[in-house]
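Undergrad: Next up, structure.txt (compact mmCIF, C-alpha atoms and all ligand atoms).
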```txt
# COMPACT_ATOMS: atom_id res chain seq x y z
CA MET A 1 0.00 0.00 0.00
CA LYS A 2 1.38 3.38 -0.99
CA ARG A 3 0.63 6.30 1.22
CA ARG A 4 -0.14 9.66 -0.29
CA SER A 5 0.33 13.03 1.36
CA ALA A 6 -2.82 15.05 1.81
CA LEU A 7 -1.54 18.15 0.04
CA GLY A 8 0.35 18.81 -3.18
CA GLY A 9 1.97 21.88 -4.69
CA LYS A 10 3.99 24.75 -3.30
CA GLY A 11 4.10 25.82 0.32
CA ARG A 12 3.80 22.23 1.42
CA TRP A 13 4.84 21.36 4.90
CA ALA A 14 4.70 18.38 7.20
CA VAL A 15 4.92 17.67 10.87
CA GLY A 16 8.17 15.98 11.86
CA ILE A 17 8.38 14.26 15.24
CA ASP A 18 11.46 12.92 16.99
CA LEU A 19 10.11 10.60 19.68
CA GLY A 20 12.95 9.86 22.09
CA GLY A 21 13.05 8.04 25.41
CA THR A 22 13.14 11.26 27.45
CA LYS A 23 12.52 14.13 25.04
CA THR A 24 10.28 14.63 22.05
CA ILE A 25 10.54 17.30 19.37
CA VAL A 26 7.43 18.16 17.35
CA ALA A 27 8.14 20.50 14.44
CA GLN A 28 6.58 22.17 11.44
CA VAL A 29 8.98 21.47 8.57
CA SER A 30 8.83 23.12 5.16
CA ASP A 31 9.19 21.34 1.83
CA GLY A 32 12.72 22.78 1.75
CA GLY A 33 13.64 21.07 5.02
CA LYS A 34 13.44 24.17 7.24
CA VAL A 35 12.14 23.92 10.80
CA LEU A 36 9.50 26.68 10.90
CA ARG A 37 8.15 26.04 14.39
CA LYS A 38 8.97 23.52 17.03
CA ARG A 39 7.96 22.29 20.43
CA LEU A 40 10.17 20.45 22.84
CA LEU A 41 8.26 18.17 25.20
CA PRO A 42 9.19 15.67 27.87
CA THR A 43 8.22 12.22 26.51
CA ASN A 44 7.02 11.06 29.91
CA ALA A 45 7.28 7.42 28.82
CA SER A 46 6.54 6.15 32.34
CA ALA A 47 2.95 7.41 31.98
CA GLY A 48 2.36 4.68 29.38
CA PRO A 49 1.93 4.56 25.59
CA ASP A 50 -1.62 5.94 25.51
CA ARG A 51 -0.58 9.06 27.38
CA VAL A 52 2.48 9.52 25.11
CA LYS A 53 0.30 9.21 22.00
CA LYS A 54 -2.26 11.68 23.42
CA THR A 55 0.52 14.18 24.11
CA LEU A 56 1.79 13.82 20.53
CA VAL A 57 -1.69 14.31 19.09
CA ALA A 58 -2.25 17.42 21.23
CA ALA A 59 1.12 18.87 20.19
CA VAL A 60 0.44 18.26 16.49
CA LYS A 61 -3.04 19.81 16.77
CA GLY A 62 -1.55 22.80 18.59
CA LEU A 63 0.99 23.26 15.83
CA MET A 64 -1.68 23.06 13.13
CA GLU A 65 -3.80 25.69 14.86
CA GLU A 66 -0.92 28.14 14.53
CA THR A 67 -0.62 27.70 10.77
CA ASP A 68 -2.78 28.80 7.83
CA SER A 69 -2.32 25.83 5.52
CA PRO A 70 -2.95 22.16 6.33
CA ALA A 71 -0.09 19.72 6.90
CA ALA A 72 0.67 17.15 4.18
CA GLY A 73 1.04 14.54 6.88
CA VAL A 74 2.98 13.54 9.95
CA GLY A 75 6.33 11.74 10.04
CA VAL A 76 7.61 10.21 13.24
CA GLY A 77 11.11 8.98 14.02
CA VAL A 78 10.78 6.55 16.93
CA ALA A 79 13.63 5.45 19.19
CA GLY A 80 12.94 1.81 18.41
CA GLN A 81 12.07 -0.69 15.69
CA VAL A 82 8.96 -0.02 13.62
CA ASP A 83 7.11 -2.60 11.54
CA ALA A 84 6.88 -1.11 8.05
CA GLU A 85 3.60 -2.79 7.14
CA SER A 86 1.54 -2.34 10.28
CA GLY A 87 3.18 0.80 11.64
CA ARG A 88 3.42 -0.84 15.06
CA VAL A 89 6.40 -0.12 17.26
CA LYS A 90 7.88 -3.60 17.62
CA PHE A 91 10.40 -2.82 20.33
CA ALA A 92 11.42 0.47 21.91
CA PRO A 93 13.39 -0.24 25.10
CA ASN A 94 13.77 3.43 26.04
CA LEU A 95 10.02 3.92 25.82
CA GLY A 96 9.21 0.55 27.38
CA TRP A 97 7.09 -0.40 24.35
CA ARG A 98 6.63 -3.81 22.74
CA GLU A 99 4.26 -4.45 19.81
CA GLU A 100 2.58 -1.12 20.41
CA PRO A 101 0.01 0.02 17.80
CA PHE A 102 1.21 3.42 16.73
CA ARG A 103 0.74 4.71 13.17
CA GLU A 104 -2.89 3.73 12.92
CA ASP A 105 -3.75 5.26 16.30
CA LEU A 106 -2.17 8.56 15.30
CA GLU A 107 -3.89 8.54 11.88
CA LYS A 108 -7.27 7.96 13.53
CA ALA A 109 -6.75 10.71 16.09
CA LEU A 110 -5.36 13.26 13.61
CA GLY A 111 -7.18 12.47 10.36
CA LEU A 112 -3.84 12.77 8.55
CA PRO A 113 -1.52 10.23 6.91
CA VAL A 114 1.27 9.23 9.27
CA TRP A 115 4.67 7.72 8.49
CA ALA A 116 6.71 6.09 11.22
CA THR A 117 10.27 4.87 11.12
CA ASN A 118 13.29 4.39 13.33
CA ASP A 119 14.69 7.72 14.58
CA VAL A 120 18.20 7.13 13.25
CA ARG A 121 16.80 6.12 9.87
CA ALA A 122 14.80 9.37 9.91
CA ALA A 123 17.98 11.32 10.72
CA THR A 124 19.66 9.65 7.73
CA TRP A 125 16.80 10.88 5.52
CA GLY A 126 17.32 14.37 6.93
CA GLU A 127 21.07 14.49 6.34
CA TRP A 128 20.67 12.93 2.88
CA LEU A 129 18.06 15.35 1.56
CA TYR A 130 18.86 18.52 3.50
CA GLY A 131 22.17 18.16 5.32
CA ALA A 132 25.69 16.96 4.60
CA GLY A 133 24.43 14.35 2.13
CA ARG A 134 22.60 16.70 -0.20
CA GLY A 135 23.04 15.79 -3.86
CA CYS A 136 24.72 12.45 -3.13
CA ASN A 137 22.85 9.18 -3.72
CA ASP A 138 25.35 6.80 -2.13
CA LEU A 139 26.19 7.63 1.45
CA ILE A 140 26.40 6.33 4.98
CA CYS A 141 25.44 8.21 8.14
CA LEU A 142 26.95 7.03 11.39
CA PHE A 143 25.50 8.61 14.52
CA VAL A 144 27.47 8.11 17.70
CA GLY A 145 25.60 9.12 20.83
CA THR A 146 24.76 7.01 23.87
CA GLY A 147 24.36 4.17 21.37
CA ILE A 148 25.47 3.94 17.75
CA GLY A 149 23.13 3.76 14.79
CA GLY A 150 23.05 4.87 11.23
CA GLY A 151 21.64 4.50 7.80
CA VAL A 152 22.80 3.53 4.34
CA VAL A 153 21.66 5.29 1.18
CA SER A 154 22.55 3.21 -1.87
CA GLY A 155 21.60 4.10 -5.44
CA GLY A 156 19.20 6.78 -4.17
CA ARG A 157 17.35 4.53 -1.72
CA VAL A 158 17.54 4.33 2.04
CA LEU A 159 18.19 0.64 2.65
CA THR A 160 15.56 -1.00 4.83
CA GLY A 161 16.46 -4.70 4.59
CA CYS A 162 13.89 -7.48 4.32
CA SER A 163 12.46 -6.95 7.80
CA ASN A 164 13.15 -3.23 8.16
CA THR A 165 16.14 -3.48 10.50
CA ALA A 166 18.94 -2.34 8.16
CA GLY A 167 21.20 0.33 9.59
CA GLU A 168 22.14 -1.25 12.92
CA LEU A 169 25.67 -0.07 12.24
CA GLY A 170 26.60 -0.01 15.93
CA HIS A 171 26.37 -3.77 16.12
CA ILE A 172 28.98 -4.74 13.59
CA THR A 173 31.75 -6.70 15.33
CA VAL A 174 35.09 -4.89 15.49
CA ASP A 175 36.75 -6.99 18.21
CA LEU A 176 36.11 -10.75 18.38
CA ASN A 177 36.88 -10.91 22.09
CA GLY A 178 35.82 -7.39 22.97
CA PRO A 179 33.54 -6.19 25.76
CA SER A 180 29.92 -7.34 26.04
CA CYS A 181 27.36 -5.29 24.17
CA ARG A 182 23.81 -4.50 25.21
CA CYS A 183 22.62 -6.56 22.23
CA GLY A 184 24.12 -9.75 23.69
CA ASN A 185 27.07 -9.92 21.29
CA ARG A 186 30.71 -9.18 22.12
CA GLY A 187 33.00 -6.56 20.63
CA CYS A 188 30.33 -4.56 18.78
CA LEU A 189 31.35 -1.11 17.59
CA GLU A 190 28.87 0.32 20.10
CA ALA A 191 30.43 -1.68 22.97
CA LEU A 192 33.75 0.07 22.30
CA ALA A 193 32.73 3.51 21.07
CA GLY A 194 29.13 4.25 22.13
CA GLY A 195 28.64 6.85 24.88
CA TRP A 196 27.51 4.24 27.41
CA ALA A 197 30.60 2.13 26.68
CA ILE A 198 32.95 5.13 26.98
CA ALA A 199 31.45 5.96 30.38
CA GLN A 200 31.57 2.34 31.54
CA GLN A 201 35.17 1.87 30.46
CA ALA A 202 36.24 5.13 32.12
CA ARG A 203 34.58 4.04 35.39
CA GLU A 204 36.44 0.72 35.28
CA TRP A 205 39.82 2.28 34.41
CA ALA A 206 39.48 5.07 36.99
CA THR A 207 38.52 2.58 39.70
CA SER A 208 41.37 0.17 38.96
CA ASP A 209 43.98 2.92 38.61
CA PRO A 210 42.82 6.02 40.54
CA GLU A 211 46.13 7.77 39.92
CA ALA A 212 45.81 7.57 36.13
CA GLY A 213 42.15 8.55 36.41
CA GLY A 214 42.94 11.55 38.60
CA LEU A 215 41.39 14.30 36.51
CA VAL A 216 38.28 12.30 35.62
CA LEU A 217 37.75 11.41 39.28
CA LYS A 218 38.29 15.04 40.33
CA MET A 219 35.68 16.20 37.82
CA VAL A 220 33.05 13.94 39.40
CA GLU A 221 34.24 14.52 42.98
CA GLY A 222 35.24 10.87 43.31
CA GLN A 223 31.75 9.59 42.48
CA THR A 224 32.49 7.18 39.64
CA GLU A 225 28.79 6.67 38.86
CA ARG A 226 28.74 10.31 37.71
CA ILE A 227 31.31 9.64 34.96
CA THR A 228 29.67 10.15 31.57
CA ALA A 229 31.07 10.23 28.05
CA LYS A 230 30.91 14.03 28.26
CA VAL A 231 33.09 14.05 31.38
CA VAL A 232 35.63 11.84 29.59
CA ALA A 233 35.53 14.10 26.51
CA ASP A 234 36.12 17.20 28.68
CA ALA A 235 39.01 15.43 30.43
CA ALA A 236 40.49 14.50 27.04
CA LYS A 237 40.25 18.15 25.98
CA ALA A 238 42.21 19.08 29.12
CA GLY A 239 44.92 16.58 28.13
CA ASP A 240 44.14 13.86 30.69
CA PRO A 241 46.13 10.72 29.70
CA LEU A 242 43.44 8.23 30.74
CA ALA A 243 40.74 10.04 28.76
CA LEU A 244 43.06 10.45 25.79
CA SER A 245 43.97 6.76 25.67
CA LEU A 246 40.31 5.84 25.99
CA PHE A 247 39.48 8.07 23.03
CA GLU A 248 42.37 6.51 21.07
CA ARG A 249 40.54 3.22 21.49
CA VAL A 250 37.23 4.82 20.50
CA ALA A 251 38.81 6.31 17.38
CA GLY A 252 40.44 2.98 16.52
CA ALA A 253 37.13 1.11 16.80
CA LEU A 254 35.28 3.74 14.76
CA GLY A 255 38.01 3.72 12.10
CA ALA A 256 37.80 -0.08 11.82
CA GLY A 257 33.99 -0.01 11.72
CA ALA A 258 33.97 2.78 9.15
CA ALA A 259 36.47 0.90 6.96
CA SER A 260 34.22 -2.18 6.95
CA LEU A 261 31.22 -0.05 5.99
CA VAL A 262 33.12 1.75 3.24
CA ASN A 263 34.40 -1.55 1.82
CA ALA A 264 30.92 -3.07 1.96
CA PHE A 265 28.89 -0.20 0.49
CA ASN A 266 31.31 2.04 -1.46
CA PRO A 267 29.64 5.32 -0.41
CA GLY A 268 30.56 8.70 -1.88
CA ARG A 269 30.13 10.32 1.52
CA LEU A 270 30.54 9.10 5.05
CA ILE A 271 28.75 11.41 7.47
CA PHE A 272 29.50 11.41 11.19
CA GLY A 273 26.94 12.81 13.62
CA GLY A 274 25.61 12.42 17.15
CA GLY A 275 26.59 13.76 20.56
CA ILE A 276 30.05 12.18 20.73
CA PHE A 277 31.18 13.77 17.46
CA GLU A 278 29.56 17.07 18.44
CA GLY A 279 31.40 17.04 21.78
CA CYS A 280 34.69 15.92 20.20
CA PRO A 281 34.92 17.39 16.69
CA TRP A 282 38.63 16.44 16.57
CA LEU A 283 37.55 12.80 16.61
CA VAL A 284 36.43 12.98 12.96
CA LYS A 285 40.01 13.49 11.75
CA LYS A 286 41.33 10.63 13.90
CA VAL A 287 38.63 8.26 12.69
CA ALA A 288 39.30 9.29 9.09
CA GLU A 289 43.00 8.44 9.57
CA GLY A 290 42.13 4.96 10.85
CA LEU A 291 39.73 4.52 7.98
CA GLU A 292 42.40 5.46 5.45
CA ASP A 293 44.80 2.91 6.94
CA ARG A 294 42.28 0.10 6.66
CA ALA A 295 39.86 0.56 3.76
CA LEU A 296 40.47 -0.61 0.19
CA PRO A 297 42.02 2.14 -1.99
CA PRO A 298 39.36 1.95 -4.76
CA ALA A 299 36.64 2.47 -2.14
CA LEU A 300 38.57 5.35 -0.52
CA ALA A 301 39.31 7.22 -3.74
CA PRO A 302 35.86 8.83 -4.25
CA LEU A 303 35.02 9.10 -0.54
CA ARG A 304 34.42 12.34 1.36
CA VAL A 305 34.24 12.23 5.15
CA LEU A 306 31.98 14.93 6.56
CA ARG A 307 30.30 16.00 9.79
CA ALA A 308 26.51 15.92 9.98
CA ARG A 309 24.94 19.36 9.52
CA LEU A 310 21.48 19.20 11.04
CA GLY A 311 22.41 18.49 14.66
CA ASN A 312 19.40 17.51 16.77
CA HIS A 313 16.99 18.57 14.02
CA ALA A 314 18.05 15.70 11.73
CA ALA A 315 15.27 13.32 12.84
CA VAL A 316 12.39 15.85 12.70
CA VAL A 317 13.52 17.14 9.31
CA GLY A 318 14.03 13.59 8.05
CA SER A 319 10.71 12.25 9.31
CA ALA A 320 8.94 15.20 7.67
CA ALA A 321 10.89 14.38 4.48
CA LEU A 322 9.37 10.91 4.57
CA VAL A 323 5.98 12.57 4.21
CA LEU A 324 7.02 15.14 1.63
CA HIS A 325 9.37 13.13 -0.57
CA SER A 326 8.58 9.49 -0.31
CA SER A 327 5.83 6.97 -0.70
CA GLU A 328 7.70 4.61 1.59
CA LYS A 329 6.60 3.89 5.09
CA GLY A 330 9.87 2.46 6.40
ZN ZN B 1 25.83 -5.03 19.87
```
Step by step, read the file and then write its structure as structure tokens.
TA:
Amino acid sequence: MKRRSALGGKGRWAVGIDLGGTKTIVAQVSDGGKVLRKRLLPTNASAGPDRVKKTLVAAVKGLMEETDSPAAGVGVGVAGQVDAESGRVKFAPNLGWREEPFREDLEKALGLPVWATNDVRAATWGEWLYGAGRGCNDLICLFVGTGIGGGVVSGGRVLTGCSNTAGELGHITVDLNGPSCRCGNRGCLEALAGGWAIAQQAREWATSDPEAGGLVLKMVEGQTERITAKVVADAAKAGDPLALSLFERVAGALGAGAASLVNAFNPGRLIFGGGIFEGCPWLVKKVAEGLEDRALPPALAPLRVLRARLGNHAAVVGSAALVLHSSEKG
């Protein structure tokens, strides 16, 4: 079944929603990918899925009341896996949802066509059409935040895979005997370079060698549970040896992961985004060096390595793009 937007022609706009575990952004996005209005809401996932959906519906209605022309539809990037056919959220650990009816409920409540996809996939759409990927039909986005996810655009299509799970780029294995990952595997890219893994590793290193972890421990007043990836990044900026060696490992893992992706998909652009790259812009160069050491020369020759441009608007812009530029639901 192909979905059609409710409005054609110029001045089109859509609602883009980034539904995260703690925060939600609801935005009016123009056909040109500009955020015209936005609302930032607490997701309040603990109140249950019905309450979350009601809040979304109220926010979208509020947004529509402020505008003169009707929305073409609503796109939602969900922090979880979405079933392309039914529009159900199959699994969203940060929301506490399993097999939750979603797209249909929103369509009924709003009387508008709704698209729903994974939030990182939506961000890939955003960067591809309106950000660092503009004009390029073969690219990879790798977003490194608390976890690691991404998306692959190949031949002008965002790859979905046969059961809509393509793009789990954080769970490629980069170290056979590496640390345990939240997915159950060992040595995933995310288990070495995701924000949660950086924090966990720093806690372990600082506890086992408090002298080496001096600055990190000072920054959290000795309370290791307060060590986050941001603390480690700030310590690295200040020249702390423990933080710097940890980030060497992060860069090495990302370089190895990126080389595998470049060899597998031969993208024209590799786009790095997410909180870790935003907090440590110098990391891009280091990762690119590791990539150059490892990837096949014919795959490297046409490749440009770039930083993402849309920041935390990527998912709202991308989910609105699903409405405005695609007949796909995934
Ligand atoms: Zn994993």
Undergrad: With only C-alpha atoms and all ligand atoms as the atoms that count, which of A:Arg88, A:Arg186, A:Lys286, A:Lys53 lies nearest to ligand ZN 1 (chain B)?
TA: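 So, comparing all the options, the nearest one is A:Arg186.
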Undergrad: Do you have the CA of Leu254 in chain A-CA of Ala320 in chain A distance handy?
TA: 29.6 Å
Undergrad: Determine, counting all atoms listed in the file, which protein, DNA and RNA residues have an atom within 6 Å of an atom of range 306-319 of chain A; residues of the same chain fewer than 2 positions away are not included. Present the result as a PyMOL selection string.
TA: chain A and resi 16-18+33+75-77+119+122-123+125-126+131-132+271-273+321-322
Undergrad: Using all atoms listed in the file, find each protein or nucleic acid residue lying at most 7 Å from ligand ZN 1 (chain B); present the set as a list in words.
TA: Gly170, His171, Cys181, Arg182, Cys183, Gly184, Asn185, Arg186, Cys188, Glu190 and Ala191 of chain A
Undergrad: If we count only C-alpha atoms and set the cut-off at 10 Å, which residues sit around Asp175 in chain A, ignoring sequence neighbours fewer than 4 positions away in its own chain? Please answer as a list in words.
TA: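 The contact residues come out as Pro179, Arg186, Gly187, Cys188, Leu189, Ala191, Leu192, Ala253, Ala256 and Gly257 of chain A.
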Undergrad: In terms of the shortest atom-to-atom distance over all atoms listed in the file, which of A:Gly279, A:Pro42, A:Gly274, A:Pro101 is closest to Ile25 in chain A?
TA: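 Comparing A:Gly279, A:Pro42, A:Gly274, A:Pro101 against Ile25 in chain A, the winner is A:Pro42.
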Undergrad: I need the residue nearest Val74 in chain A from this list: A:Cys141, A:Ala238, A:Leu110, A:Val15. Use only C-alpha atoms for the distance.
TA: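 Going through A:Cys141, A:Ala238, A:Leu110, A:Val15 one by one, the smallest distance to Val74 in chain A is for A:Val15.
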Undergrad: Between CA of Phe143 in chain A and CA of Thr173 in chain A, what is the distance in Å, rounded to a tenth?
TA: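 Computing the Euclidean distance for CA of Phe143 in chain A and CA of Thr173 in chain A yields 16.6 Å.
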Undergrad: Might you pull out every residue within 12 Å of Asn44 in chain A, with only C-alpha atoms counted and same-chain residues fewer than 3 positions away left off, and present them as JSON, numbers by chain?
TA: {"A": [19, 20, 21, 22, 23, 24, 41, 47, 48, 49, 50, 51, 52, 53, 54, 55, 56, 94, 95, 96]}
Undergrad: Could you check the closest approach to Pro70 in chain A for each of A:Ala166, A:Ala14, A:Ala206, A:Ala295 and tell me which residue wins, using only C-alpha atoms?
TA: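 Among the listed residues, the smallest separation from Pro70 in chain A belongs to A:Ala14.
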Undergrad: Restricting the calculation to all atoms listed in the file: of A:Gly195, A:Gly268, A:Gly178, A:Gly80, which residue gets closest to Gly155 in chain A?
TA: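 For Gly155 in chain A, the nearest of the given residues is A:Gly268.
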Undergrad: From the structure block, carefully write range 162-191 of chain A out with N, CA and C atoms; format it as a CSV table (one decimal), in the first residue's frame.
TA:
```
chain,number,residue,atom,x,y,z
A,162,CYS,N,15.1,-6.7,4.6
A,162,CYS,CA,13.9,-7.5,4.3
A,162,CYS,C,12.9,-7.4,5.5
A,163,SER,N,13.4,-7.1,6.7
A,163,SER,CA,12.5,-7.0,7.8
A,163,SER,C,12.7,-5.6,8.5
A,164,ASN,N,13.1,-4.6,7.7
A,164,ASN,CA,13.2,-3.2,8.2
A,164,ASN,C,14.1,-2.9,9.3
A,165,THR,N,15.2,-3.7,9.4
A,165,THR,CA,16.1,-3.5,10.5
A,165,THR,C,17.5,-3.0,10.0
A,166,ALA,N,17.6,-2.8,8.7
A,166,ALA,CA,18.9,-2.3,8.2
A,166,ALA,C,19.4,-1.0,8.8
A,167,GLY,N,20.7,-0.9,9.0
A,167,GLY,CA,21.2,0.3,9.6
A,167,GLY,C,21.6,0.2,11.0
A,168,GLU,N,21.6,-1.0,11.5
A,168,GLU,CA,22.1,-1.3,12.9
A,168,GLU,C,23.7,-1.3,12.9
A,169,LEU,N,24.2,-0.1,12.5
A,169,LEU,CA,25.7,-0.1,12.2
A,169,LEU,C,26.5,-0.2,13.5
A,170,GLY,N,25.9,0.1,14.7
A,170,GLY,CA,26.6,0.0,15.9
A,170,GLY,C,26.9,-1.4,16.3
A,171,HIS,N,26.2,-2.4,15.7
A,171,HIS,CA,26.4,-3.8,16.1
A,171,HIS,C,27.2,-4.6,15.1
A,172,ILE,N,28.0,-4.0,14.4
A,172,ILE,CA,29.0,-4.7,13.6
A,172,ILE,C,30.1,-5.1,14.5
A,173,THR,N,30.7,-6.3,14.4
A,173,THR,CA,31.8,-6.7,15.3
A,173,THR,C,33.1,-6.1,14.9
A,174,VAL,N,33.8,-5.4,15.8
A,174,VAL,CA,35.1,-4.9,15.5
A,174,VAL,C,36.2,-5.5,16.4
A,175,ASP,N,35.8,-6.3,17.4
A,175,ASP,CA,36.7,-7.0,18.2
A,175,ASP,C,36.2,-8.3,18.7
A,176,LEU,N,36.7,-9.4,18.1
A,176,LEU,CA,36.1,-10.8,18.4
A,176,LEU,C,35.9,-11.0,19.9
A,177,ASN,N,36.9,-10.6,20.7
A,177,ASN,CA,36.9,-10.9,22.1
A,177,ASN,C,36.6,-9.7,22.9
A,178,GLY,N,36.0,-8.7,22.3
A,178,GLY,CA,35.8,-7.4,23.0
A,178,GLY,C,34.8,-7.4,24.1
A,179,PRO,N,34.5,-6.3,24.7
A,179,PRO,CA,33.5,-6.2,25.8
A,179,PRO,C,32.1,-6.6,25.3
A,180,SER,N,31.3,-7.0,26.3
A,180,SER,CA,29.9,-7.3,26.0
A,180,SER,C,29.1,-6.1,25.6
A,181,CYS,N,28.2,-6.4,24.7
A,181,CYS,CA,27.4,-5.3,24.2
A,181,CYS,C,26.0,-5.5,24.7
A,182,ARG,N,25.2,-4.4,24.7
A,182,ARG,CA,23.8,-4.5,25.2
A,182,ARG,C,22.9,-5.4,24.3
A,183,CYS,N,23.4,-5.7,23.1
A,183,CYS,CA,22.6,-6.6,22.2
A,183,CYS,C,22.9,-8.0,22.5
A,184,GLY,N,23.8,-8.4,23.4
A,184,GLY,CA,24.1,-9.8,23.7
A,184,GLY,C,25.4,-10.3,23.0
A,185,ASN,N,25.8,-9.5,22.0
A,185,ASN,CA,27.1,-9.9,21.3
A,185,ASN,C,28.3,-9.4,22.1
A,186,ARG,N,29.5,-9.7,21.6
A,186,ARG,CA,30.7,-9.2,22.1
A,186,ARG,C,31.4,-8.3,21.1
A,187,GLY,N,32.1,-7.3,21.5
A,187,GLY,CA,33.0,-6.6,20.6
A,187,GLY,C,32.3,-5.8,19.5
A,188,CYS,N,31.0,-5.4,19.7
A,188,CYS,CA,30.3,-4.6,18.8
A,188,CYS,C,31.0,-3.2,18.8
A,189,LEU,N,30.9,-2.5,17.7
A,189,LEU,CA,31.4,-1.1,17.6
A,189,LEU,C,30.8,-0.3,18.7
A,190,GLU,N,29.5,-0.4,19.0
A,190,GLU,CA,28.9,0.3,20.1
A,190,GLU,C,29.5,0.0,21.5
A,191,ALA,N,29.9,-1.3,21.7
A,191,ALA,CA,30.4,-1.7,23.0
A,191,ALA,C,31.8,-1.1,23.2
```
